[in-house]
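Asks: Here you go, input-v4.json (JSON, C-alpha atoms):
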[["chain", "number", "residue", "atom", "x", "y", "z"],
["H", 29, "ALA", "CA", 28.14, -148.87, -1.24],
["H", 30, "ASP", "CA", 27.91, -145.14, -0.64],
["H", 31, "ALA", "CA", 24.18, -145.32, 0.10],
["H", 32, "MET", "CA", 24.73, -148.29, 2.40],
["H", 33, "ALA", "CA", 27.49, -146.43, 4.24],
["H", 34, "GLN", "CA", 25.23, -143.39, 4.65],
["H", 35, "SER", "CA", 22.62, -145.68, 6.22],
["H", 36, "GLY", "CA", 25.17, -146.93, 8.77],
["H", 37, "ALA", "CA", 25.90, -150.40, 7.36],
["H", 38, "ASN", "CA", 29.25, -152.08, 7.97],
["H", 39, "ILE", "CA", 30.86, -152.60, 4.58],
["H", 40, "CYS", "CA", 33.58, -154.80, 3.19],
["H", 41, "ILE", "CA", 34.80, -154.02, -0.31],
["H", 42, "TRP", "CA", 37.19, -156.15, -2.29],
["H", 43, "GLY", "CA", 39.01, -155.99, -5.56],
["H", 44, "THR", "CA", 42.38, -156.56, -7.18],
["H", 45, "ASN", "CA", 43.41, -152.89, -7.36],
["H", 46, "THR", "CA", 45.02, -151.58, -4.15],
["H", 47, "GLU", "CA", 44.67, -147.92, -5.17],
["H", 48, "LYS", "CA", 40.98, -148.21, -6.04],
["H", 49, "ASN", "CA", 40.32, -150.15, -2.83],
["H", 50, "ALA", "CA", 42.05, -147.39, -0.82],
["H", 51, "ALA", "CA", 40.09, -144.63, -2.57],
["H", 52, "ALA", "CA", 36.80, -146.42, -1.96],
["H", 53, "LEU", "CA", 37.77, -147.06, 1.67],
["H", 54, "GLU", "CA", 38.49, -143.36, 2.18],
["H", 55, "GLN", "CA", 35.23, -142.26, 0.52],
["H", 56, "LEU", "CA", 33.06, -144.72, 2.44],
["H", 57, "SER", "CA", 34.79, -144.16, 5.80],
["H", 58, "ALA", "CA", 33.85, -140.48, 5.58],
["H", 59, "HIS", "CA", 30.29, -141.50, 6.50],
["H", 60, "GLY", "CA", 31.44, -142.72, 9.90],
["H", 61, "THR", "CA", 30.61, -146.36, 9.26],
["H", 62, "LYS", "CA", 32.92, -149.36, 9.65],
["H", 63, "VAL", "CA", 34.55, -150.16, 6.33],
["H", 64, "GLU", "CA", 37.05, -152.85, 5.44],
["H", 65, "ALA", "CA", 38.92, -153.20, 2.13],
["H", 66, "MET", "CA", 40.51, -156.47, 1.04],
["H", 67, "LEU", "CA", 42.43, -157.65, -1.97],
["H", 68, "CYS", "CA", 40.55, -160.46, -3.68],
["H", 69, "ASP", "CA", 40.51, -162.04, -7.11],
["H", 70, "VAL", "CA", 36.88, -163.16, -7.31],
["H", 71, "SER", "CA", 37.75, -165.88, -9.82],
["H", 72, "ASP", "CA", 39.84, -167.61, -7.12],
["H", 73, "GLU", "CA", 37.53, -169.61, -4.86],
["H", 74, "ALA", "CA", 40.06, -169.80, -2.01],
["H", 75, "GLN", "CA", 40.39, -166.00, -1.94],
["H", 76, "VAL", "CA", 36.60, -165.56, -1.92],
["H", 77, "GLU", "CA", 36.27, -168.10, 0.88],
["H", 78, "GLY", "CA", 38.93, -166.13, 2.79],
["H", 79, "VAL", "CA", 37.06, -162.85, 2.37],
["H", 80, "VAL", "CA", 33.80, -164.41, 3.57],
["H", 81, "LYS", "CA", 35.59, -165.93, 6.57],
["H", 82, "ALA", "CA", 37.26, -162.59, 7.40],
["H", 83, "VAL", "CA", 33.92, -160.78, 7.29],
["H", 84, "MET", "CA", 32.34, -163.41, 9.53],
["H", 85, "ASP", "CA", 35.28, -163.23, 11.97],
["H", 86, "LYS", "CA", 34.97, -159.44, 12.11],
["H", 87, "TRP", "CA", 31.19, -158.89, 12.10],
["H", 88, "GLY", "CA", 29.59, -162.30, 12.63],
["H", 89, "ARG", "CA", 27.11, -162.06, 9.76],
["H", 90, "ILE", "CA", 26.62, -161.12, 6.13],
["H", 91, "ASP", "CA", 23.33, -159.47, 5.23],
["H", 92, "ALA", "CA", 23.97, -158.44, 1.63],
["H", 93, "VAL", "CA", 26.40, -159.07, -1.19],
["H", 94, "ALA", "CA", 26.68, -156.99, -4.35],
["H", 95, "ASN", "CA", 28.55, -158.95, -7.03],
["H", 96, "ASN", "CA", 29.82, -156.15, -9.24],
["H", 97, "ALA", "CA", 33.29, -157.28, -10.33],
["H", 98, "GLY", "CA", 33.59, -157.44, -14.07],
["H", 99, "ILE", "CA", 35.94, -157.21, -17.01],
["H", 100, "ALA", "CA", 35.18, -156.60, -20.67],
["H", 101, "CYS", "CA", 36.74, -157.93, -23.84],
["H", 102, "SER", "CA", 37.04, -156.77, -27.40],
["H", 103, "LYS", "CA", 34.17, -157.25, -29.81],
["H", 104, "GLU", "CA", 36.14, -159.47, -32.20],
["H", 105, "PRO", "CA", 34.22, -162.19, -34.02],
["H", 106, "ILE", "CA", 34.20, -165.48, -32.14],
["H", 107, "THR", "CA", 36.48, -166.96, -34.80],
["H", 108, "ASP", "CA", 39.19, -164.46, -33.80],
["H", 109, "ASN", "CA", 38.63, -164.46, -30.02],
["H", 110, "PRO", "CA", 41.47, -166.24, -28.14],
["H", 111, "MET", "CA", 40.31, -168.83, -25.61],
["H", 112, "ASP", "CA", 42.46, -167.32, -22.85],
["H", 113, "VAL", "CA", 40.24, -164.23, -23.13],
["H", 114, "TRP", "CA", 37.19, -166.45, -22.61],
["H", 115, "THR", "CA", 38.78, -168.11, -19.59],
["H", 116, "LYS", "CA", 39.66, -164.80, -17.96],
["H", 117, "VAL", "CA", 36.30, -163.09, -18.66],
["H", 118, "LEU", "CA", 34.23, -166.09, -17.56],
["H", 119, "GLY", "CA", 36.45, -166.47, -14.50],
["H", 120, "VAL", "CA", 35.80, -162.96, -13.22],
["H", 121, "ASN", "CA", 32.30, -162.27, -14.55],
["H", 122, "LEU", "CA", 30.63, -165.64, -13.96],
["H", 123, "ILE", "CA", 32.77, -167.85, -11.71],
["H", 124, "GLY", "CA", 33.40, -164.88, -9.39],
["H", 125, "VAL", "CA", 29.64, -164.46, -8.94],
["H", 126, "ALA", "CA", 29.23, -168.20, -8.34],
["H", 127, "ASN", "CA", 32.04, -168.14, -5.76],
["H", 128, "PHE", "CA", 30.36, -165.42, -3.69],
["H", 129, "ILE", "CA", 26.90, -166.96, -4.03],
["H", 130, "LYS", "CA", 28.35, -170.27, -2.83],
["H", 131, "HIS", "CA", 30.28, -168.99, 0.17],
["H", 132, "ALA", "CA", 28.23, -165.99, 1.29],
["H", 133, "GLY", "CA", 25.06, -167.90, 0.42],
["H", 134, "ARG", "CA", 25.98, -170.62, 2.93],
["H", 135, "VAL", "CA", 26.33, -168.00, 5.64],
["H", 136, "MET", "CA", 23.02, -166.39, 4.70],
["H", 137, "CYS", "CA", 21.21, -169.74, 4.64],
["H", 138, "ASP", "CA", 22.52, -170.49, 8.15],
["H", 139, "GLN", "CA", 21.33, -167.03, 9.28],
["H", 140, "GLY", "CA", 17.95, -167.51, 7.64],
["H", 141, "SER", "CA", 18.19, -164.23, 5.73],
["H", 142, "GLY", "CA", 20.18, -162.26, 3.21],
["H", 143, "ALA", "CA", 20.20, -160.63, -0.18],
["H", 144, "ILE", "CA", 22.55, -161.09, -3.11],
["H", 145, "VAL", "CA", 22.47, -158.71, -6.07],
["H", 146, "ASN", "CA", 24.43, -159.64, -9.17],
["H", 147, "THR", "CA", 25.40, -157.18, -11.88],
["H", 148, "ALA", "CA", 24.60, -158.75, -15.24],
["H", 149, "SER", "CA", 24.12, -156.67, -18.40],
["H", 150, "VAL", "CA", 21.84, -156.13, -21.35],
["H", 151, "ALA", "CA", 24.72, -157.80, -23.20],
["H", 152, "GLY", "CA", 23.51, -161.04, -21.61],
["H", 153, "ILE", "CA", 20.09, -160.56, -23.22],
["H", 154, "ARG", "CA", 20.79, -158.91, -26.59],
["H", 155, "SER", "CA", 23.58, -159.36, -29.11],
["H", 156, "GLY", "CA", 25.77, -156.42, -30.02],
["H", 157, "ALA", "CA", 26.03, -154.91, -26.54],
["H", 158, "GLY", "CA", 29.37, -156.57, -25.75],
["H", 159, "GLY", "CA", 32.00, -158.98, -26.97],
["H", 160, "ASN", "CA", 31.23, -162.69, -27.24],
["H", 161, "ALA", "CA", 32.89, -163.77, -24.00],
["H", 162, "TYR", "CA", 31.48, -160.81, -22.07],
["H", 163, "SER", "CA", 27.95, -161.38, -23.39],
["H", 164, "ALA", "CA", 28.11, -165.10, -22.65],
["H", 165, "SER", "CA", 29.38, -164.42, -19.12],
["H", 166, "LYS", "CA", 26.54, -162.01, -18.42],
["H", 167, "ALA", "CA", 23.94, -164.41, -19.86],
["H", 168, "GLY", "CA", 25.42, -166.96, -17.47],
["H", 169, "VAL", "CA", 25.02, -164.53, -14.56],
["H", 170, "ILE", "CA", 21.35, -164.06, -15.46],
["H", 171, "ASN", "CA", 20.71, -167.80, -15.47],
["H", 172, "LEU", "CA", 22.86, -168.41, -12.38],
["H", 173, "THR", "CA", 20.84, -165.74, -10.58],
["H", 174, "MET", "CA", 17.58, -167.52, -11.39],
["H", 175, "THR", "CA", 18.83, -170.96, -10.36],
["H", 176, "ALA", "CA", 20.49, -169.64, -7.18],
["H", 177, "ALA", "CA", 17.27, -167.82, -6.29],
["H", 178, "CYS", "CA", 15.49, -171.18, -6.43],
["H", 179, "ASP", "CA", 18.23, -172.85, -4.35],
["H", 180, "LEU", "CA", 18.39, -170.18, -1.63],
["H", 181, "GLY", "CA", 14.85, -168.78, -1.61],
["H", 182, "GLY", "CA", 13.61, -171.40, 0.85],
["H", 183, "HIS", "CA", 16.17, -170.08, 3.34],
["H", 184, "ASN", "CA", 14.85, -166.51, 3.05],
["H", 185, "VAL", "CA", 17.82, -165.48, 0.91],
["H", 186, "ARG", "CA", 16.94, -163.35, -2.11],
["H", 187, "VAL", "CA", 19.09, -163.50, -5.24],
["H", 188, "ASN", "CA", 18.48, -160.90, -7.94],
["H", 189, "ALA", "CA", 20.29, -159.39, -10.88],
["H", 190, "VAL", "CA", 20.35, -155.99, -12.48],
["H", 191, "CYS", "CA", 21.01, -155.68, -16.20],
["H", 192, "PRO", "CA", 22.31, -152.19, -16.90],
["H", 193, "GLY", "CA", 22.81, -150.91, -20.40],
["H", 194, "LEU", "CA", 25.96, -149.27, -21.67],
["H", 195, "ILE", "CA", 27.35, -147.00, -18.97],
["H", 196, "GLU", "CA", 30.49, -144.92, -19.17],
["H", 197, "THR", "CA", 32.79, -146.40, -16.53],
["H", 198, "GLY", "CA", 36.48, -147.16, -16.17],
["H", 199, "MET", "CA", 35.82, -150.55, -17.75]]
What would the structure in this file look like if it were written as structure tokens?

Replies:
Amino acid sequence: ADAMAQSGANICIWGTNTEKNAAALEQLSAHGTKVEAMLCDVSDEAQVEGVVKAVMDKWGRIDAVANNAGIACSKEPITDNPMDVWTKVLGVNLIGVANFIKHAGRVMCDQGSGAIVNTASVAGIRSGAGGNAYSASKAGVINLTMTAACDLGGHNVRVNAVCPGLIETGM
């Protein structure tokens, strides 16, 4: 987002943490670009649809989406992993990506261009890099990226994923 702001792009960021949204808004606004911050739970399709609509109302187009929301879980064995953990992790990490591909992807297809970049993980490729639910969600993002690329590619919309390794972040 910082590099995009430095290049003059209009940016909308979203997340569930008001303080982090405000800090990102302040940092990105320092580049003199138009920045918007919205509260959004990516696992809630109606909220995602609302964010996409708000961006379209404000700027009239969406050229790129970076799906980077994610939550982790403990590395308990699957036999000890509560199903509510699975539901929450899959909701944010996989369904959230699908929600933005669906709604922003429609806009991009109508425009005839766009790019979507999804953050997956090496945990979606190799065992041991994350908990069961997290790893399954990231494997799902990898496959969703490939199938969405086939769905949207004919409309000049690129869909790609990055699979970073272990990185020290707040998560």

Asks: Go through H:Gln34, H:Thr107, H:Thr175, H:Thr147 one by one, measure the shortest atom-to-atom distance of each to H:Asn95 using only C-alpha atoms, and give the residue with the smallest value.

Replies: H:Thr147

Asks: So which residues touch stretch 55-63 of chain H within 12 Å, counting all atoms listed in the file, skipping near sequence neighbours fewer than 4 positions away, as a list of chain:residue names?

Replies: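 Neighbouring residues, sequence-local ones excluded: H:Ala29, H:Asp30, H:Ala31, H:Met32, H:Ala33, H:Gln34, H:Ser35, H:Gly36, H:Ala37, H:Asn38, H:Ile39, H:Cys40, H:Ile41, H:Trp42, H:Lys48, H:Asn49, H:Ala50, H:Ala51, H:Val83, H:Lys86, H:Trp87.
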
Asks: Mind checking which residues fall within 8 Å of stretch 70-72 of chain H, counting all atoms listed in the file, ignoring those fewer than 3 positions away in the same chain, and posting them as a VMD selection string?

Replies: chain H and resid 43 75 to 76 97 119 to 120 123 to 125 127 to 128

Asks: Could you write out the selected residues, including C-alpha atoms, as a CSV table (one decimal), in the frame of the given file?

Replies:
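Contents of out.csv, freshly written:
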chain,number,residue,atom,x,y,z
H,43,GLY,CA,39.0,-156.0,-5.6
H,75,GLN,CA,40.4,-166.0,-1.9
H,76,VAL,CA,36.6,-165.6,-1.9
H,97,ALA,CA,33.3,-157.3,-10.3
H,119,GLY,CA,36.4,-166.5,-14.5
H,120,VAL,CA,35.8,-163.0,-13.2
H,123,ILE,CA,32.8,-167.8,-11.7
H,124,GLY,CA,33.4,-164.9,-9.4
H,125,VAL,CA,29.6,-164.5,-8.9
H,127,ASN,CA,32.0,-168.1,-5.8
H,128,PHE,CA,30.4,-165.4,-3.7

Asks: Between atom CA of H:Ala82 and atom CA of H:Cys68, what is the spacing in Å?

Replies: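 Atom-to-atom, atom CA of H:Cys68 and atom CA of H:Ala82 are spaced 11.8 Å apart.
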
Asks: Can you work out the spacing between atom CA of H:Gly142 and atom CA of H:Ala167 in Å, to one decimal?

Replies: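 About the pair atom CA of H:Gly142 and atom CA of H:Ala167: they are 23.5 Å apart.
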
Asks: Here is a test: counting all atoms listed in the file, which residue of H:Cys101, H:Leu122, H:Ile144, H:Met136 is nearest to H:Gly159?

Replies: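 Of the candidates, the smallest distance to H:Gly159 is held by H:Cys101.
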
Asks: Which is closest to H:Asn160 among H:Ala100, H:Ala177, H:Met66, H:Ile106, if we use all atoms listed in the file?

Replies: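 Comparing H:Ala100, H:Ala177, H:Met66, H:Ile106 against H:Asn160, the winner is H:Ile106.
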
Asks: Closest to H:Val145 among H:Leu172, H:Val93, H:Cys178, H:Leu194, using all atoms listed in the file?

Replies: H:Val93

Asks: Would you be able to write out as a PyMOL selection string which residues have an atom within 7 Å of (25.8, -154.7, -14.0) in the file's coordinates, counting only C-alpha atoms?

Replies: chain H and resi 96+147-149+190-192

Asks: Which is closer to H:Pro110 than all the others in H:Val79, H:Ala161, H:Ile129, H:Ala92, using all atoms listed in the file?

Replies: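 With all atoms listed in the file as the atom set, the closest residue is H:Ala161.
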
Asks: Between atom CA of H:His183 and atom CA of H:Val150, what is the distance, to one decimal in Å?

Replies: 28.9 Å

Asks: Calculated over only C-alpha atoms, which of the candidates H:Glu47, H:Asp179, H:Asp91, H:Glu104 has the smallest distance to H:Gly140?

Replies: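 Distance minimum relative to H:Gly140 lands on H:Asp91.
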
Asks: Using all atoms listed in the file and a cutoff of 9 Å, can you tell me which residues are near (12.8, -167.6, 5.5) in the file's coordinates, and write them out as a PyMOL selection string?

Replies: chain H and resi 137+140-141+181-185
